[in-house]
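Undergrad: The following block contains the structure, expressed as C-alpha cells.
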Amino acid sequence: MDRTFFDGLAHFLAVARHGSFTAGAQAMDISPTAMSKAIRLVEERYGTKLFQRTTRRTALTEAGAELFQRLDRATNEIDDALKSLGSFQLTPTGTLRLTVPRSIMPALVEPHLAEFQRLYPRVKLEISLNDRFVDLVGEGFDAGIRLGDAIDKDMIAVRLTGEARWGIAASPGYWQREGRPKRFEDLVGRRAIMYRFPGSRSLQVWEFQREGKPVQVQMDTGLVIDDRAALVRLAVQGFGAAFVLEVEVAQELARGDLELMFGDDIPPDDGIFLYFPAAMQSQPKLRAFIDTIRENSSVKRRRPS
C-alpha cells in the first residue's frame with residue numbers, strides 16, 4: 001500500500017463533518033492555511049474537486065459527498081474496532097495457543113477443560129500435543145507446559161505441581177511374568193520400553209540413586225519410542241517396564257493398569273510448570289487459564305535471573 005494512502009483523509013473528514021475549513025482546522029488544532037494545503041494535496045492526488053468554497057459557505061461536491069459517506073462509515077467501524085481492543089485487557093477473549101506433552105495432557109489439562117470453557121466461553125483454546133522442545137515465540141504459541149529443567153531461563157514459569165517424581169511402571173501381568181525385583185539393580189537386562197528424546201535423539205537414561213550416588217541401569221532396549229503417551233500405553237499392554245513420571249501414569253495407577261516401583265530410588269525433578277514470555281503475563285486469557293488449571297493453589301513464579 002502507498003505510504004501516502006491516508007494522507008489528508010483525516011483533514012477531509014474534519015472539514016466535511018464541521019462544515020468549514022476554519023472549524024475543521026480548530027478541531028484538529030491546526031491553522032486554516034495548513035488545512036487548506038492538506039485538502040488541496042488530496043484533490044491534486046486524485047484529480048477531483050472535493051469542496052466548493054464561497055465567502056459564505058463550504059459545501060461538498062458530488063464526488064466529495066460520496067467519498068465522505070463511505071469514509072465516514074469506514075472510520076466509524078475502525079473506531080469501534082480500536083475501542084474493542086480495550087476489552088482484550090479486561091475480559092478473557094481471543095485464541096490461547098498452548099503446547100503440552102501428550103502424556104501430561106490427561107492428568108493436568110483435560111480435567112479442567114470443561115470448567116474453563118464454561119467460565120470463559122470467549123476464549124478459544126488451541127492445544128498442540130508434542131514432547132519436543134518448542135520455541136514459543138518462533139512457533140506462535142502463547143504458553144507451554146513442561147518440566148522445569150526444560151524451560152528457558154528467560155521465560156516466566158508458574159508451578160503446576162510439586163516435585164515431579166519418577167518411577168518404573170509396568171503392568172501387573174509383566175511383574176508377575178518377569179518377577180518383582182527387590183532392588184533396582186535387579187532390573188538389569190530386563191525387557192524395557194525405552195524413550196528416545198525427539199530433539200536430541202538420545203535415549204533416556206535409567207538413573208537411580210544409591211547412598212547419594214547416581215547408578216545407571218542398562219535395560220534390554222528391544223522397543224524404543226519417541227512418544228511418551230505411547231510409552232505409557234505400551235507399558236499397560238505388557239510390552240515392558242517404562243521409566244515414567246508419576247503424573248504421566250496417574251490414571252493408569254488409579255485403575256490398576258500399571259504398578260509403580262522404585263520411586264524412592266530416583267531423584268525427583270523440580271516439577272511441572274506452565275511457562276510463557278514476559279510479554280504474555282498481562283493477558284487475561286492466559287491468567288484465566290492459569291487460575292483454572294491450578295484451581296485454588298497459590299501461584300509461584302520463577303523469573304529470569
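Every chain in the C-alpha cells takes a letter, A first, then B, and so on in the order presented; its residues are numbered from 1, and the ligands are numbered from 1 following the presented order.
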Quick one: residues within 12 Å of A:Gly138, only C-alpha atoms, excluding same-chain residues fewer than 5 positions away - as a short mmCIF file (atom, residue, chain, number, x, y, z; two decimals) with N, CA and C atoms, in the first residue's frame?

TA:
```cif
data_model
loop_
_atom_site.label_atom_id
_atom_site.label_comp_id
_atom_site.auth_asym_id
_atom_site.auth_seq_id
_atom_site.Cartn_x
_atom_site.Cartn_y
_atom_site.Cartn_z
N PHE A 133 11.19 -29.98 22.37
CA PHE A 133 11.40 -28.59 22.77
C PHE A 133 10.69 -27.69 21.77
N ALA A 143 1.86 -20.07 25.35
CA ALA A 143 2.42 -20.67 26.56
C ALA A 143 2.64 -22.16 26.32
N PRO A 277 6.39 -16.20 27.60
CA PRO A 277 7.23 -15.00 27.52
C PRO A 277 6.68 -13.92 28.44
#
```

Undergrad: Just list the residues in stretch 109-143 of chain A DSSP gives alpha helix (DSSP H) on the backbone, as a list in words.

TA: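 Here is the list: Glu110, Pro111, His112, Leu113, Ala114, Glu115, Phe116, Gln117, Arg118, Leu119, Leu136, Val137, Gly138 and Glu139 of chain A.
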
Undergrad: Those same residues - all heavy atoms - I'd like them written as a JSON list (two decimals), in the first residue's frame.

TA:
```json
[["chain", "number", "residue", "atom", "x", "y", "z"],
["A", 110, "GLU", "N", -6.77, -31.96, 30.73],
["A", 110, "GLU", "CA", -8.13, -32.40, 30.38],
["A", 110, "GLU", "C", -9.15, -32.26, 31.51],
["A", 110, "GLU", "O", -10.29, -31.86, 31.25],
["A", 110, "GLU", "CB", -8.09, -33.85, 29.89],
["A", 110, "GLU", "CG", -7.49, -33.99, 28.50],
["A", 110, "GLU", "CD", -7.51, -35.43, 28.01],
["A", 110, "GLU", "OE1", -8.31, -36.23, 28.54],
["A", 110, "GLU", "OE2", -6.72, -35.76, 27.11],
["A", 111, "PRO", "N", -8.79, -32.54, 32.77],
["A", 111, "PRO", "CA", -9.80, -32.41, 33.83],
["A", 111, "PRO", "C", -10.33, -30.99, 34.02],
["A", 111, "PRO", "O", -11.37, -30.79, 34.63],
["A", 111, "PRO", "CB", -9.04, -32.87, 35.09],
["A", 111, "PRO", "CG", -7.95, -33.75, 34.57],
["A", 111, "PRO", "CD", -7.53, -33.12, 33.28],
["A", 112, "HIS", "N", -9.62, -29.98, 33.48],
["A", 112, "HIS", "CA", -10.01, -28.59, 33.69],
["A", 112, "HIS", "C", -10.66, -27.95, 32.46],
["A", 112, "HIS", "O", -11.12, -26.82, 32.54],
["A", 112, "HIS", "CB", -8.77, -27.77, 34.07],
["A", 112, "HIS", "CG", -8.03, -28.31, 35.25],
["A", 112, "HIS", "ND1", -8.46, -28.16, 36.54],
["A", 112, "HIS", "CD2", -6.88, -29.03, 35.32],
["A", 112, "HIS", "CE1", -7.61, -28.74, 37.37],
["A", 112, "HIS", "NE2", -6.64, -29.28, 36.64],
["A", 113, "LEU", "N", -10.69, -28.65, 31.34],
["A", 113, "LEU", "CA", -11.16, -28.03, 30.10],
["A", 113, "LEU", "C", -12.63, -27.63, 30.16],
["A", 113, "LEU", "O", -13.01, -26.54, 29.72],
["A", 113, "LEU", "CB", -10.92, -28.97, 28.92],
["A", 113, "LEU", "CG", -9.46, -29.17, 28.51],
["A", 113, "LEU", "CD1", -9.37, -30.09, 27.31],
["A", 113, "LEU", "CD2", -8.80, -27.83, 28.19],
["A", 114, "ALA", "N", -13.48, -28.51, 30.66],
["A", 114, "ALA", "CA", -14.91, -28.20, 30.71],
["A", 114, "ALA", "C", -15.18, -26.98, 31.57],
["A", 114, "ALA", "O", -15.97, -26.09, 31.20],
["A", 114, "ALA", "CB", -15.70, -29.41, 31.23],
["A", 115, "GLU", "N", -14.54, -26.89, 32.72],
["A", 115, "GLU", "CA", -14.72, -25.75, 33.60],
["A", 115, "GLU", "C", -14.20, -24.47, 32.96],
["A", 115, "GLU", "O", -14.82, -23.41, 33.06],
["A", 115, "GLU", "CB", -14.01, -26.00, 34.94],
["A", 115, "GLU", "CG", -14.12, -24.87, 35.94],
["A", 115, "GLU", "CD", -15.52, -24.71, 36.52],
["A", 115, "GLU", "OE1", -16.43, -25.48, 36.14],
["A", 115, "GLU", "OE2", -15.71, -23.80, 37.35],
["A", 116, "PHE", "N", -13.07, -24.57, 32.30],
["A", 116, "PHE", "CA", -12.50, -23.39, 31.65],
["A", 116, "PHE", "C", -13.44, -22.87, 30.56],
["A", 116, "PHE", "O", -13.70, -21.66, 30.47],
["A", 116, "PHE", "CB", -11.14, -23.71, 31.05],
["A", 116, "PHE", "CG", -10.48, -22.53, 30.38],
["A", 116, "PHE", "CD1", -9.84, -21.57, 31.13],
["A", 116, "PHE", "CD2", -10.50, -22.40, 29.00],
["A", 116, "PHE", "CE1", -9.24, -20.46, 30.53],
["A", 116, "PHE", "CE2", -9.91, -21.31, 28.39],
["A", 116, "PHE", "CZ", -9.28, -20.34, 29.15],
["A", 117, "GLN", "N", -13.97, -23.76, 29.74],
["A", 117, "GLN", "CA", -14.87, -23.32, 28.68],
["A", 117, "GLN", "C", -16.19, -22.78, 29.23],
["A", 117, "GLN", "O", -16.79, -21.88, 28.65],
["A", 117, "GLN", "CB", -15.14, -24.48, 27.72],
["A", 117, "GLN", "CG", -13.90, -24.85, 26.89],
["A", 117, "GLN", "CD", -14.21, -25.87, 25.82],
["A", 117, "GLN", "OE1", -15.05, -26.75, 26.00],
["A", 117, "GLN", "NE2", -13.52, -25.77, 24.70],
["A", 118, "ARG", "N", -16.62, -23.30, 30.37],
["A", 118, "ARG", "CA", -17.84, -22.79, 30.99],
["A", 118, "ARG", "C", -17.62, -21.37, 31.52],
["A", 118, "ARG", "O", -18.47, -20.49, 31.35],
["A", 118, "ARG", "CB", -18.27, -23.70, 32.14],
["A", 118, "ARG", "CG", -19.58, -23.27, 32.81],
["A", 118, "ARG", "CD", -19.90, -24.15, 34.01],
["A", 118, "ARG", "NE", -18.98, -23.89, 35.11],
["A", 118, "ARG", "CZ", -19.13, -22.87, 35.97],
["A", 118, "ARG", "NH1", -20.12, -22.01, 35.84],
["A", 118, "ARG", "NH2", -18.26, -22.72, 36.96],
["A", 119, "LEU", "N", -16.46, -21.14, 32.14],
["A", 119, "LEU", "CA", -16.19, -19.84, 32.73],
["A", 119, "LEU", "C", -15.78, -18.78, 31.70],
["A", 119, "LEU", "O", -16.08, -17.60, 31.87],
["A", 119, "LEU", "CB", -15.07, -19.97, 33.77],
["A", 119, "LEU", "CG", -15.40, -20.77, 35.04],
["A", 119, "LEU", "CD1", -14.16, -20.95, 35.89],
["A", 119, "LEU", "CD2", -16.50, -20.06, 35.84],
["A", 136, "LEU", "N", 8.44, -21.05, 21.77],
["A", 136, "LEU", "CA", 7.11, -20.46, 21.85],
["A", 136, "LEU", "C", 6.93, -19.29, 20.89],
["A", 136, "LEU", "O", 5.95, -19.24, 20.14],
["A", 136, "LEU", "CB", 6.82, -20.00, 23.29],
["A", 136, "LEU", "CG", 6.73, -21.06, 24.38],
["A", 136, "LEU", "CD1", 6.31, -20.41, 25.69],
["A", 136, "LEU", "CD2", 5.76, -22.16, 24.00],
["A", 137, "VAL", "N", 7.84, -18.35, 20.95],
["A", 137, "VAL", "CA", 7.71, -17.15, 20.13],
["A", 137, "VAL", "C", 7.85, -17.49, 18.65],
["A", 137, "VAL", "O", 7.03, -17.07, 17.83],
["A", 137, "VAL", "CB", 8.76, -16.09, 20.54],
["A", 137, "VAL", "CG1", 8.67, -14.87, 19.64],
["A", 137, "VAL", "CG2", 8.54, -15.67, 22.00],
["A", 138, "GLY", "N", 8.86, -18.27, 18.31],
["A", 138, "GLY", "CA", 9.11, -18.60, 16.92],
["A", 138, "GLY", "C", 7.99, -19.40, 16.29],
["A", 138, "GLY", "O", 7.74, -19.28, 15.09],
["A", 139, "GLU", "N", 7.30, -20.24, 17.09],
["A", 139, "GLU", "CA", 6.25, -21.10, 16.54],
["A", 139, "GLU", "C", 4.85, -20.59, 16.85],
["A", 139, "GLU", "O", 3.86, -21.27, 16.57],
["A", 139, "GLU", "CB", 6.44, -22.52, 17.06],
["A", 139, "GLU", "CG", 7.77, -23.14, 16.63],
["A", 139, "GLU", "CD", 7.89, -24.59, 17.02],
["A", 139, "GLU", "OE1", 6.88, -25.33, 16.92],
["A", 139, "GLU", "OE2", 8.99, -25.00, 17.44]]
```

Undergrad: From the options A:Val42, A:Ala16, A:Ala59, A:Val249, which residue's atoms come nearest to A:Arg102, counting only C-alpha atoms?

TA: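 Going through A:Val42, A:Ala16, A:Ala59, A:Val249 one by one, the smallest distance to A:Arg102 is for A:Val249.
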
Undergrad: So that I can check the surroundings of A:Gln218, please list as a list of chain:residue names every protein, DNA and RNA residue that reaches within 12 Å of it, counting only C-alpha atoms and ignoring chain neighbours fewer than 6 positions away.

TA: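 The filter keeps A:Phe184, A:Glu185, A:Asp186, A:Leu187, A:Val188, A:Gly189, A:Arg190, A:Arg191, A:Ala192, A:Met194, A:Leu203, A:Gln204, A:Val205, A:Trp206, A:Glu207, A:Phe208.
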
Undergrad: Dump all heavy atoms for the selected residues as a compact mmCIF listing (two decimals), in the first residue's frame?

TA:
```txt
# COMPACT_ATOMS: atom_id res chain seq x y z
N PHE A 184 16.56 -52.10 42.57
CA PHE A 184 16.54 -51.61 41.18
C PHE A 184 17.67 -52.24 40.36
O PHE A 184 17.56 -52.37 39.14
CB PHE A 184 16.60 -50.09 41.12
CG PHE A 184 17.87 -49.47 41.64
CD1 PHE A 184 19.03 -49.44 40.87
CD2 PHE A 184 17.89 -48.87 42.89
CE1 PHE A 184 20.18 -48.85 41.34
CE2 PHE A 184 19.05 -48.27 43.36
CZ PHE A 184 20.20 -48.26 42.59
N GLU A 185 18.75 -52.67 41.02
CA GLU A 185 19.82 -53.35 40.28
C GLU A 185 19.34 -54.64 39.63
O GLU A 185 19.92 -55.11 38.64
CB GLU A 185 21.01 -53.66 41.21
CG GLU A 185 21.79 -52.43 41.65
CD GLU A 185 21.27 -51.86 42.96
OE1 GLU A 185 20.13 -52.22 43.37
OE2 GLU A 185 21.99 -51.06 43.57
N ASP A 186 18.26 -55.22 40.17
CA ASP A 186 17.73 -56.46 39.61
C ASP A 186 17.02 -56.24 38.27
O ASP A 186 16.62 -57.21 37.62
CB ASP A 186 16.75 -57.11 40.60
CG ASP A 186 17.42 -57.51 41.90
OD1 ASP A 186 18.65 -57.75 41.87
OD2 ASP A 186 16.73 -57.56 42.94
N LEU A 187 16.87 -54.96 37.88
CA LEU A 187 16.23 -54.66 36.59
C LEU A 187 17.18 -54.87 35.41
O LEU A 187 16.74 -54.95 34.26
CB LEU A 187 15.75 -53.20 36.57
CG LEU A 187 14.57 -52.84 37.48
CD1 LEU A 187 14.43 -51.33 37.54
CD2 LEU A 187 13.29 -53.48 36.96
N VAL A 188 18.45 -54.96 35.66
CA VAL A 188 19.45 -55.06 34.58
C VAL A 188 19.11 -56.18 33.61
O VAL A 188 18.85 -57.32 34.01
CB VAL A 188 20.87 -55.30 35.18
CG1 VAL A 188 21.88 -55.56 34.05
CG2 VAL A 188 21.30 -54.09 36.00
N GLY A 189 19.08 -55.83 32.33
CA GLY A 189 18.85 -56.82 31.28
C GLY A 189 17.39 -57.15 31.04
O GLY A 189 17.10 -57.90 30.11
N ARG A 190 16.49 -56.60 31.83
CA ARG A 190 15.07 -56.91 31.61
C ARG A 190 14.54 -56.12 30.41
O ARG A 190 15.05 -55.07 30.05
CB ARG A 190 14.25 -56.58 32.85
CG ARG A 190 14.59 -57.44 34.05
CD ARG A 190 13.46 -57.42 35.04
NE ARG A 190 13.76 -58.19 36.23
CZ ARG A 190 12.83 -58.61 37.08
NH1 ARG A 190 11.56 -58.35 36.84
NH2 ARG A 190 13.17 -59.31 38.15
N ARG A 191 13.47 -56.68 29.82
CA ARG A 191 12.87 -56.02 28.66
C ARG A 191 12.20 -54.73 29.10
O ARG A 191 11.41 -54.71 30.05
CB ARG A 191 11.85 -56.94 28.00
CG ARG A 191 11.15 -56.31 26.79
CD ARG A 191 10.42 -57.35 26.00
NE ARG A 191 11.36 -58.27 25.35
CZ ARG A 191 11.92 -58.02 24.16
NH1 ARG A 191 11.65 -56.89 23.54
NH2 ARG A 191 12.75 -58.89 23.64
N ALA A 192 12.54 -53.65 28.41
CA ALA A 192 12.01 -52.34 28.74
C ALA A 192 11.52 -51.62 27.48
O ALA A 192 11.92 -51.94 26.36
CB ALA A 192 13.07 -51.49 29.44
N MET A 194 11.98 -48.22 25.94
CA MET A 194 12.89 -47.11 26.10
C MET A 194 12.37 -45.87 25.36
O MET A 194 11.78 -45.98 24.27
CB MET A 194 14.28 -47.46 25.58
CG MET A 194 14.90 -48.68 26.26
SD MET A 194 15.14 -48.44 28.04
CE MET A 194 16.41 -47.16 28.04
N LEU A 203 18.71 -41.66 23.95
CA LEU A 203 17.83 -42.47 24.77
C LEU A 203 17.80 -41.95 26.21
O LEU A 203 18.81 -41.47 26.73
CB LEU A 203 18.29 -43.93 24.78
CG LEU A 203 18.08 -44.74 23.50
CD1 LEU A 203 18.67 -46.13 23.68
CD2 LEU A 203 16.60 -44.83 23.14
N GLN A 204 16.64 -42.05 26.84
CA GLN A 204 16.53 -41.67 28.25
C GLN A 204 17.34 -42.65 29.10
O GLN A 204 17.26 -43.87 28.92
CB GLN A 204 15.07 -41.68 28.70
CG GLN A 204 14.86 -41.23 30.13
CD GLN A 204 13.39 -41.25 30.52
OE1 GLN A 204 12.58 -42.00 29.95
NE2 GLN A 204 13.03 -40.43 31.49
N VAL A 205 18.13 -42.11 29.99
CA VAL A 205 18.96 -42.94 30.87
C VAL A 205 18.17 -43.33 32.10
O VAL A 205 17.51 -42.51 32.72
CB VAL A 205 20.24 -42.16 31.28
CG1 VAL A 205 21.05 -42.98 32.28
CG2 VAL A 205 21.07 -41.83 30.05
N TRP A 206 18.24 -44.61 32.44
CA TRP A 206 17.58 -45.07 33.67
C TRP A 206 18.57 -44.87 34.82
O TRP A 206 19.44 -45.72 35.04
CB TRP A 206 17.19 -46.54 33.53
CG TRP A 206 15.99 -46.76 32.63
CD1 TRP A 206 15.67 -46.07 31.52
CD2 TRP A 206 14.98 -47.74 32.81
NE1 TRP A 206 14.52 -46.55 30.96
CE2 TRP A 206 14.07 -47.60 31.75
CE3 TRP A 206 14.75 -48.75 33.75
CZ2 TRP A 206 12.94 -48.40 31.60
CZ3 TRP A 206 13.64 -49.57 33.59
CH2 TRP A 206 12.74 -49.38 32.54
N GLU A 207 18.43 -43.77 35.49
CA GLU A 207 19.38 -43.43 36.55
C GLU A 207 18.71 -43.44 37.92
O GLU A 207 17.66 -42.83 38.11
CB GLU A 207 19.99 -42.05 36.29
CG GLU A 207 21.10 -41.69 37.27
CD GLU A 207 21.87 -40.46 36.85
OE1 GLU A 207 22.70 -40.56 35.93
OE2 GLU A 207 21.62 -39.39 37.44
N PHE A 208 19.32 -44.14 38.83
CA PHE A 208 18.81 -44.25 40.19
C PHE A 208 19.84 -43.64 41.15
O PHE A 208 20.84 -43.06 40.72
CB PHE A 208 18.58 -45.73 40.54
CG PHE A 208 17.59 -46.41 39.64
CD1 PHE A 208 17.98 -46.91 38.39
CD2 PHE A 208 16.26 -46.55 40.02
CE1 PHE A 208 17.06 -47.54 37.55
CE2 PHE A 208 15.34 -47.18 39.19
CZ PHE A 208 15.74 -47.67 37.96
```

Undergrad: List as a PyMOL selection string the protein and nucleic acid residues near stretch 231-246 of chain A, meaning an atom at most 6 Å away when only C-alpha atoms are counted, but skip any in the same chain fewer than 2 places from it.

TA: chain A and resi 165-171+174+191-193+228-229+248-250+257

Undergrad: How would the residues just chosen look if you wrote them out with N, CA, C and O atoms as a short mmCIF file (atom, residue, chain, number, x, y, z; two decimals), in the first residue's frame?

TA:
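Saved as out_17.cif:
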```cif
data_model
loop_
_atom_site.label_atom_id
_atom_site.label_comp_id
_atom_site.auth_asym_id
_atom_site.auth_seq_id
_atom_site.Cartn_x
_atom_site.Cartn_y
_atom_site.Cartn_z
N ARG A 165 7.93 -36.66 40.46
CA ARG A 165 8.56 -37.90 40.89
C ARG A 165 8.51 -38.94 39.77
O ARG A 165 7.52 -39.05 39.05
N TRP A 166 9.59 -39.70 39.67
CA TRP A 166 9.73 -40.73 38.66
C TRP A 166 9.54 -42.11 39.28
O TRP A 166 9.60 -42.27 40.50
N GLY A 167 9.34 -43.11 38.45
CA GLY A 167 9.25 -44.47 38.91
C GLY A 167 9.34 -45.43 37.73
O GLY A 167 9.34 -45.01 36.57
N ILE A 168 9.42 -46.70 38.03
CA ILE A 168 9.43 -47.74 37.00
C ILE A 168 8.05 -48.36 36.96
O ILE A 168 7.60 -48.97 37.93
N ALA A 169 7.36 -48.16 35.84
CA ALA A 169 5.98 -48.63 35.72
C ALA A 169 5.90 -49.83 34.79
O ALA A 169 6.59 -49.90 33.77
N ALA A 170 5.07 -50.77 35.18
CA ALA A 170 4.79 -51.93 34.32
C ALA A 170 3.43 -52.48 34.70
O ALA A 170 2.89 -52.18 35.77
N SER A 171 2.87 -53.26 33.81
CA SER A 171 1.55 -53.85 34.08
C SER A 171 1.69 -54.95 35.13
O SER A 171 2.76 -55.56 35.29
N TYR A 174 3.08 -58.03 33.63
CA TYR A 174 4.52 -58.01 33.37
C TYR A 174 5.28 -58.38 34.64
O TYR A 174 6.19 -59.23 34.61
N ARG A 191 13.47 -56.68 29.82
CA ARG A 191 12.87 -56.02 28.66
C ARG A 191 12.20 -54.73 29.10
O ARG A 191 11.41 -54.71 30.05
N ALA A 192 12.54 -53.65 28.41
CA ALA A 192 12.01 -52.34 28.74
C ALA A 192 11.52 -51.62 27.48
O ALA A 192 11.92 -51.94 26.36
N ILE A 193 10.66 -50.64 27.70
CA ILE A 193 10.24 -49.74 26.62
C ILE A 193 11.06 -48.46 26.82
O ILE A 193 10.85 -47.74 27.80
N ARG A 228 5.74 -40.18 24.54
CA ARG A 228 5.58 -40.65 25.91
C ARG A 228 4.17 -41.19 26.17
O ARG A 228 3.99 -42.07 27.00
N ALA A 229 3.19 -40.67 25.48
CA ALA A 229 1.84 -41.23 25.65
C ALA A 229 1.80 -42.67 25.15
O ALA A 229 1.18 -43.55 25.76
N GLU A 248 2.35 -38.84 34.69
CA GLU A 248 2.05 -39.41 33.38
C GLU A 248 1.18 -40.65 33.47
O GLU A 248 0.45 -40.98 32.51
N VAL A 249 1.26 -41.36 34.59
CA VAL A 249 0.56 -42.64 34.71
C VAL A 249 -0.47 -42.60 35.84
O VAL A 249 -0.91 -43.64 36.32
N ALA A 250 -0.87 -41.40 36.26
CA ALA A 250 -1.79 -41.26 37.40
C ALA A 250 -3.08 -42.03 37.18
O ALA A 250 -3.56 -42.75 38.08
N ASP A 257 -4.05 -50.50 36.12
CA ASP A 257 -3.45 -50.97 34.87
C ASP A 257 -1.93 -51.02 34.95
O ASP A 257 -1.28 -51.75 34.19
#
```

Undergrad: Hey, can you check how far atom CA of A:Leu67 sits from atom CA of A:Phe51?

TA: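 So the two atoms, atom CA of A:Leu67 and atom CA of A:Phe51, lie 11.2 Å apart.
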
Undergrad: Just checking: using only C-alpha atoms, which residue out of A:Ala230, A:Leu253, A:Met261, A:Ile156 ends up closest to A:Phe276?

TA: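 Counting only C-alpha atoms, the residue closest to A:Phe276 is A:Ile156.
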
Undergrad: Write out as a PyMOL selection string all residues of stretch 96-257 of chain A that backbone DSSP assigns to strand (DSSP E).

TA: chain A and resi 96-100+123-129+143-147+156-159+166-170+191-195+207-210+213-216+220-225+242-245

Undergrad: Restrict the selected residues to C-alpha atoms and save them as a PDB file, in the first residue's frame.

TA:
```pdb
ATOM      1  CA  LEU A  96      -4.916 -19.160  23.510  1.00  0.00           C
ATOM      2  CA  ARG A  97      -2.332 -21.426  21.819  1.00  0.00           C
ATOM      3  CA  LEU A  98      -0.630 -23.964  24.092  1.00  0.00           C
ATOM      4  CA  THR A  99       1.957 -26.706  23.650  1.00  0.00           C
ATOM      5  CA  VAL A 100       1.532 -29.632  26.048  1.00  0.00           C
ATOM      6  CA  VAL A 123     -11.575 -17.911  24.734  1.00  0.00           C
ATOM      7  CA  LYS A 124     -10.728 -20.423  22.023  1.00  0.00           C
ATOM      8  CA  LEU A 125      -8.114 -23.000  23.024  1.00  0.00           C
ATOM      9  CA  GLU A 126      -5.668 -24.454  20.512  1.00  0.00           C
ATOM     10  CA  ILE A 127      -3.531 -27.203  22.047  1.00  0.00           C
ATOM     11  CA  SER A 128      -0.596 -28.827  20.270  1.00  0.00           C
ATOM     12  CA  LEU A 129       0.446 -32.156  21.792  1.00  0.00           C
ATOM     13  CA  ALA A 143       2.422 -20.673  26.559  1.00  0.00           C
ATOM     14  CA  GLY A 144       3.624 -24.217  27.145  1.00  0.00           C
ATOM     15  CA  ILE A 145       3.707 -26.895  29.831  1.00  0.00           C
ATOM     16  CA  ARG A 146       6.975 -28.707  30.525  1.00  0.00           C
ATOM     17  CA  LEU A 147       9.270 -29.982  33.271  1.00  0.00           C
ATOM     18  CA  ILE A 156       8.238 -16.781  33.305  1.00  0.00           C
ATOM     19  CA  ALA A 157       7.179 -20.103  34.806  1.00  0.00           C
ATOM     20  CA  VAL A 158       4.175 -20.862  37.007  1.00  0.00           C
ATOM     21  CA  ARG A 159       4.350 -24.043  39.063  1.00  0.00           C
ATOM     22  CA  TRP A 166       9.727 -40.730  38.656  1.00  0.00           C
ATOM     23  CA  GLY A 167       9.251 -44.470  38.911  1.00  0.00           C
ATOM     24  CA  ILE A 168       9.432 -47.737  36.999  1.00  0.00           C
ATOM     25  CA  ALA A 169       5.977 -48.629  35.718  1.00  0.00           C
ATOM     26  CA  ALA A 170       4.794 -51.926  34.322  1.00  0.00           C
ATOM     27  CA  ARG A 191      12.869 -56.020  28.665  1.00  0.00           C
ATOM     28  CA  ALA A 192      12.006 -52.336  28.744  1.00  0.00           C
ATOM     29  CA  ILE A 193      10.242 -49.736  26.619  1.00  0.00           C
ATOM     30  CA  MET A 194      12.891 -47.105  26.096  1.00  0.00           C
ATOM     31  CA  TYR A 195      12.148 -43.449  25.354  1.00  0.00           C
ATOM     32  CA  GLU A 207      19.378 -43.426  36.545  1.00  0.00           C
ATOM     33  CA  PHE A 208      18.814 -44.254  40.194  1.00  0.00           C
ATOM     34  CA  GLN A 209      20.449 -43.185  43.421  1.00  0.00           C
ATOM     35  CA  ARG A 210      22.213 -45.396  45.955  1.00  0.00           C
ATOM     36  CA  LYS A 213      25.495 -41.612  44.299  1.00  0.00           C
ATOM     37  CA  PRO A 214      23.967 -41.955  40.808  1.00  0.00           C
ATOM     38  CA  VAL A 215      23.682 -45.505  39.469  1.00  0.00           C
ATOM     39  CA  GLN A 216      22.656 -46.286  35.887  1.00  0.00           C
ATOM     40  CA  ASP A 220      17.110 -54.567  27.141  1.00  0.00           C
ATOM     41  CA  THR A 221      16.263 -51.913  24.526  1.00  0.00           C
ATOM     42  CA  GLY A 222      14.157 -54.142  22.327  1.00  0.00           C
ATOM     43  CA  LEU A 223      11.450 -51.478  21.965  1.00  0.00           C
ATOM     44  CA  VAL A 224      12.222 -47.765  21.542  1.00  0.00           C
ATOM     45  CA  ILE A 225       9.672 -44.991  21.049  1.00  0.00           C
ATOM     46  CA  ALA A 242       8.974 -47.940  31.472  1.00  0.00           C
ATOM     47  CA  PHE A 243      10.750 -45.065  33.193  1.00  0.00           C
ATOM     48  CA  VAL A 244       7.908 -42.578  33.770  1.00  0.00           C
ATOM     49  CA  LEU A 245       6.707 -39.601  35.743  1.00  0.00           C
TER      50      LEU A 245
END
```

Undergrad: Which is closer to A:Arg53 than all the others in A:Phe141, A:Phe262, A:Phe21, A:Phe197, using only C-alpha atoms?

TA: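 Using only C-alpha atoms, A:Arg53 sits closest to A:Phe21.
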
Undergrad: Just the number, please: distance in Å from atom CA of A:Gly47 to atom CA of A:Ala34, one decimal.

TA: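 Interatomic distance, atom CA of A:Gly47 to atom CA of A:Ala34: 19.6 Å.
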
Undergrad: Go through A:Ser20, A:Asp270, A:Asp291, A:Asp7 one by one, measure the shortest atom-to-atom distance of each to A:Arg56 using only C-alpha atoms, and give the residue with the smallest value.

TA: A:Ser20

Undergrad: Tell me which of A:Glu295, A:Met155, A:Asp265, A:Arg132 sits closest to A:Asp227, counting only C-alpha atoms.

TA: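 Ranked by minimum distance to A:Asp227, first place goes to A:Arg132.
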
Undergrad: Do you have the atom CA of A:Ala279-atom CA of A:Asp131 distance handy?

TA: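 These atoms are spaced 24.2 Å apart.
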
Undergrad: With only C-alpha atoms as the counted atoms, please give the residues lying no more than 9 Å from stretch 28-30 of chain A, apart from itself and same-chain residues fewer than 3 positions off, as JSON, numbers by chain.

TA: {"A": [10, 11, 14, 23, 24, 25, 33, 34, 35]}

Undergrad: Selected residues, N, CA and C atoms, written as a short mmCIF file (atom, residue, chain, number, x, y, z; two decimals), in the first residue's frame, please.

TA:
```
data_model
loop_
_atom_site.label_atom_id
_atom_site.label_comp_id
_atom_site.auth_asym_id
_atom_site.auth_seq_id
_atom_site.Cartn_x
_atom_site.Cartn_y
_atom_site.Cartn_z
N ALA A 10 -7.94 12.46 7.11
CA ALA A 10 -8.46 12.98 8.38
C ALA A 10 -8.84 14.45 8.23
N HIS A 11 -8.07 15.21 7.46
CA HIS A 11 -8.38 16.62 7.22
C HIS A 11 -9.69 16.75 6.44
N ALA A 14 -12.58 16.05 8.72
CA ALA A 14 -12.81 17.12 9.69
C ALA A 14 -13.59 18.27 9.05
N ALA A 23 -13.55 25.63 11.06
CA ALA A 23 -14.00 24.76 12.16
C ALA A 23 -13.25 23.44 12.14
N GLY A 24 -12.99 22.91 10.95
CA GLY A 24 -12.25 21.67 10.85
C GLY A 24 -10.82 21.82 11.34
N ALA A 25 -10.21 22.98 11.01
CA ALA A 25 -8.85 23.24 11.47
C ALA A 25 -8.79 23.35 12.98
N THR A 33 -4.73 27.66 7.15
CA THR A 33 -3.82 27.55 6.00
C THR A 33 -3.33 26.12 5.82
N ALA A 34 -2.93 25.48 6.94
CA ALA A 34 -2.47 24.09 6.87
C ALA A 34 -3.59 23.17 6.42
N MET A 35 -4.81 23.48 6.87
CA MET A 35 -5.96 22.65 6.46
C MET A 35 -6.19 22.78 4.96
#
```
